[in-house]
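Here's the structure, in structure tokens; my notes come after.
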Amino acid sequence: MPPGSAPAILRRFTRAFHPNPPRDGAKFTSRTSVRGAPLTRQHLNITRTPSNRLLTKRAALALLCVPSIFTMAWRSSGATNDELIDNLFANEIASDAVQSAMRSCDRKNYVVVGDAYQDSPQTIGYGATISAPHMHAHCLSMLEDQLVPGARVLDVGSGTGYLTALFASFVTAEENKDGVVVGIEHIPQLTAMSVENFAKDGKEHMLANGKVELVTGDGRLGYPPRAPYDAIHVGAAAPSVPPALIEQLARGGRLVIPVGPEGGHQELRVIDKDENGAVTERTAMGVIYVPLTDAEHQLKNR
């Protein structure tokens, strides 16, 4: 690829103005495929958190130099939760089922600061972020076949509980099914916050009846008491896939996890375990997430 090509320009821009996006919640998504279909666009997704204010006039001018094939990832933003979902759906990001689930959870109840309906990642404190709505929609779509009433789901790095609540809207829809969602987060303050957020969103009954369990622990080890899981989602990038998560994945289950070094090239991997226990893996898209690490390291780098 010539040095002046669009991808090269965007890489130089990203390095110049966002040397460490995971620390601040900025996410650059270079999509090579979604659901196996190649894309011709790349998306730039930047969050202006307190420590990430380098998007200056100069940076904005640099963006103007990027050819029109680049589309801003926040193109689905709205003024309300319904408008946000409408735009995600119009941009063919959310299926009917995903759209219905996202309407059932008002994102404003899970966002700490900023505009809850902006299609970009935002800081939630403690060195963590809540992903952009379009990324949540993509992950839900990738796991949709596994998210049936009665399924068991593990959400690693559950943060403020938003995606955990979305999972619950799928698998706990039928009272006579034993579906359960576990959100595991290693920052106790975030676990406590997610409990409060479920109450704000009118979903405290899910905690009371055991359909949702919000726990504090090392998500790299999974959560054996509720295993095996039909669907596992990881909201932070691991240097390699944690073996415990593969072990706790049910036959016929799927794991979606970003893999790669902190601040480096990362890929969103989709890992399937078939009915015979054989494991296959594919790359869905390029991403940058905060690292899946221990609590001490995360808090030190916030």
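Ligands are numbered from 1 in the order shown, residues from 1 within each chain, and chains are lettered A, B, ... in the order they appear in the structure tokens.
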Counting only C-alpha atoms, what are the residues of region 132-189 of chain A within 10 Å of region 248-272 of chain A, and for each of them which pair of atoms is the nearest and at what distance in Å, to one decimal? Sort the table by chain and rising number, as a tab-separated table.
```
residue	atom	partner	partner_atom	distance
A:Cys139	CA	A:Val256	CA	7.2
A:Leu140	CA	A:Val256	CA	9.6
A:Met142	CA	A:Val256	CA	7.7
A:Leu143	CA	A:Arg254	CA	6.8
A:Glu144	CA	A:Arg254	CA	9.8
A:Asp145	CA	A:Arg254	CA	9.0
A:Gln146	CA	A:Gly253	CA	6.6
A:Leu147	CA	A:Gly253	CA	9.8
A:Ala151	CA	A:Gly253	CA	9.7
A:Arg152	CA	A:Ala250	CA	9.1
A:Val153	CA	A:Leu249	CA	9.5
A:Leu154	CA	A:Leu255	CA	9.3
A:Asp155	CA	A:Val256	CA	10.0
A:Val156	CA	A:Ile257	CA	9.3
```
Prev. selection, N, CA, C and O atoms, output as a CSV table (one decimal), in the first residue's frame:
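Heads up, here's the output in out_18.csv:
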```csv
chain,number,residue,atom,x,y,z
A,139,CYS,N,-21.6,-7.3,18.4
A,139,CYS,CA,-21.4,-8.5,19.2
A,139,CYS,C,-22.6,-9.3,19.5
A,139,CYS,O,-22.7,-10.5,19.5
A,140,LEU,N,-23.7,-8.5,19.7
A,140,LEU,CA,-25.0,-9.2,19.9
A,140,LEU,C,-25.4,-10.0,18.6
A,140,LEU,O,-25.9,-11.2,18.7
A,142,MET,N,-23.4,-11.3,16.4
A,142,MET,CA,-22.5,-12.4,16.3
A,142,MET,C,-22.9,-13.6,17.2
A,142,MET,O,-22.7,-14.7,16.9
A,143,LEU,N,-23.5,-13.2,18.3
A,143,LEU,CA,-23.9,-14.2,19.3
A,143,LEU,C,-25.4,-14.6,19.2
A,143,LEU,O,-25.9,-15.4,20.0
A,144,GLU,N,-26.1,-14.0,18.3
A,144,GLU,CA,-27.6,-14.1,18.3
A,144,GLU,C,-28.1,-15.5,18.2
A,144,GLU,O,-29.1,-15.8,18.9
A,145,ASP,N,-27.4,-16.4,17.5
A,145,ASP,CA,-27.9,-17.7,17.4
A,145,ASP,C,-27.8,-18.5,18.7
A,145,ASP,O,-28.6,-19.4,19.0
A,146,GLN,N,-26.9,-18.1,19.6
A,146,GLN,CA,-26.8,-18.7,20.9
A,146,GLN,C,-27.7,-18.0,22.0
A,146,GLN,O,-27.9,-18.6,23.0
A,147,LEU,N,-28.2,-16.8,21.7
A,147,LEU,CA,-28.9,-16.1,22.7
A,147,LEU,C,-30.4,-16.4,22.6
A,147,LEU,O,-31.3,-15.6,22.2
A,151,ALA,N,-30.7,-20.1,27.6
A,151,ALA,CA,-29.3,-20.2,27.4
A,151,ALA,C,-28.5,-19.6,28.6
A,151,ALA,O,-29.1,-18.8,29.4
A,152,ARG,N,-27.3,-20.0,28.7
A,152,ARG,CA,-26.4,-19.4,29.7
A,152,ARG,C,-25.3,-18.6,29.1
A,152,ARG,O,-24.7,-19.0,28.1
A,153,VAL,N,-25.1,-17.3,29.6
A,153,VAL,CA,-24.3,-16.4,29.0
A,153,VAL,C,-23.3,-15.8,30.1
A,153,VAL,O,-23.7,-15.6,31.2
A,154,LEU,N,-22.0,-15.7,29.7
A,154,LEU,CA,-21.0,-15.0,30.5
A,154,LEU,C,-20.5,-13.8,29.8
A,154,LEU,O,-20.1,-13.8,28.7
A,155,ASP,N,-20.6,-12.6,30.5
A,155,ASP,CA,-20.1,-11.4,30.1
A,155,ASP,C,-18.9,-11.0,30.9
A,155,ASP,O,-19.0,-10.5,32.0
A,156,VAL,N,-17.7,-11.1,30.3
A,156,VAL,CA,-16.5,-10.8,31.0
A,156,VAL,C,-16.1,-9.4,30.8
A,156,VAL,O,-16.0,-8.9,29.7
```
Q. Counting only C-alpha atoms, which of A:Cys105, A:Ala137, A:Leu221, A:Met193 gets nearest to Tyr162 (chain A)?
A.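 Checking each candidate against Tyr162 (chain A), we get A:Cys105 as the closest.
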**Q.** Picked from region 123-271 of chain A by DSSP as alpha helix (DSSP H), as a PyMOL selection string
**A.** chain A and resi 133-143+162-171+188-200+204-208+243-247
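The smallest atom-to-atom distance between Gly125 (chain A) and any of A:Pro291, A:Pro149, A:Gly202, A:Gly159, using only C-alpha atoms, is found for A:Gly159.
The list of residues with at least one atom within 10 Å of Gly183 (chain A), based on only C-alpha atoms and without residues fewer than 5 positions apart in the same chain, reads Val153, Leu154, Asp155, Val156, Gly157, Ser158, Gly159, Thr160, Gly161, Tyr162, Leu163, Thr164, Ala165, Phe167, Thr191, Ser194, Val212, Glu213, Leu214, Val215, Thr216, Gly217, Gly219, Tyr223 and His233 of chain A.
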Q | Backbone-only DSSP, strand (DSSP E) members of region 40-281 of chain A, as a ChimeraX atom specification | A | /A:43-45,71-72,122-125,128-130,152-156,180-185,212-216,229-234,249-259,266-273,279-281
Q: For CA of Ile184 (chain A) and CA of Arg220 (chain A), determine how far apart the two atoms are, in Å to one decimal place.
A: 9.7 Å
Q.
One number please: CA of Val287 (chain A) to CA of Tyr126 (chain A), in Å, one decimal.
A.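 Result for CA of Val287 (chain A) versus CA of Tyr126 (chain A): 20.9 Å, one decimal.
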Q: Would you kindly return, as a PyMOL selection string, each protein, DNA or RNA residue with an atom no farther than 8 Å from any atom of Ser104 (chain A), considering only C-alpha atoms and excluding same-chain residues fewer than 4 positions away?
A: chain A and resi 100+166+169
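Our summary of the geometry notes that CA of Asp201 (chain A) is positioned 18.9 Å from CA of Ala132 (chain A).
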Q. If you count only C-alpha atoms, which residues fall within 10 Å of Val113 (chain A), apart from same-chain ones fewer than 3 positions away, as a PyMOL selection string?
A. chain A and resi 49+108+110+116+122-125
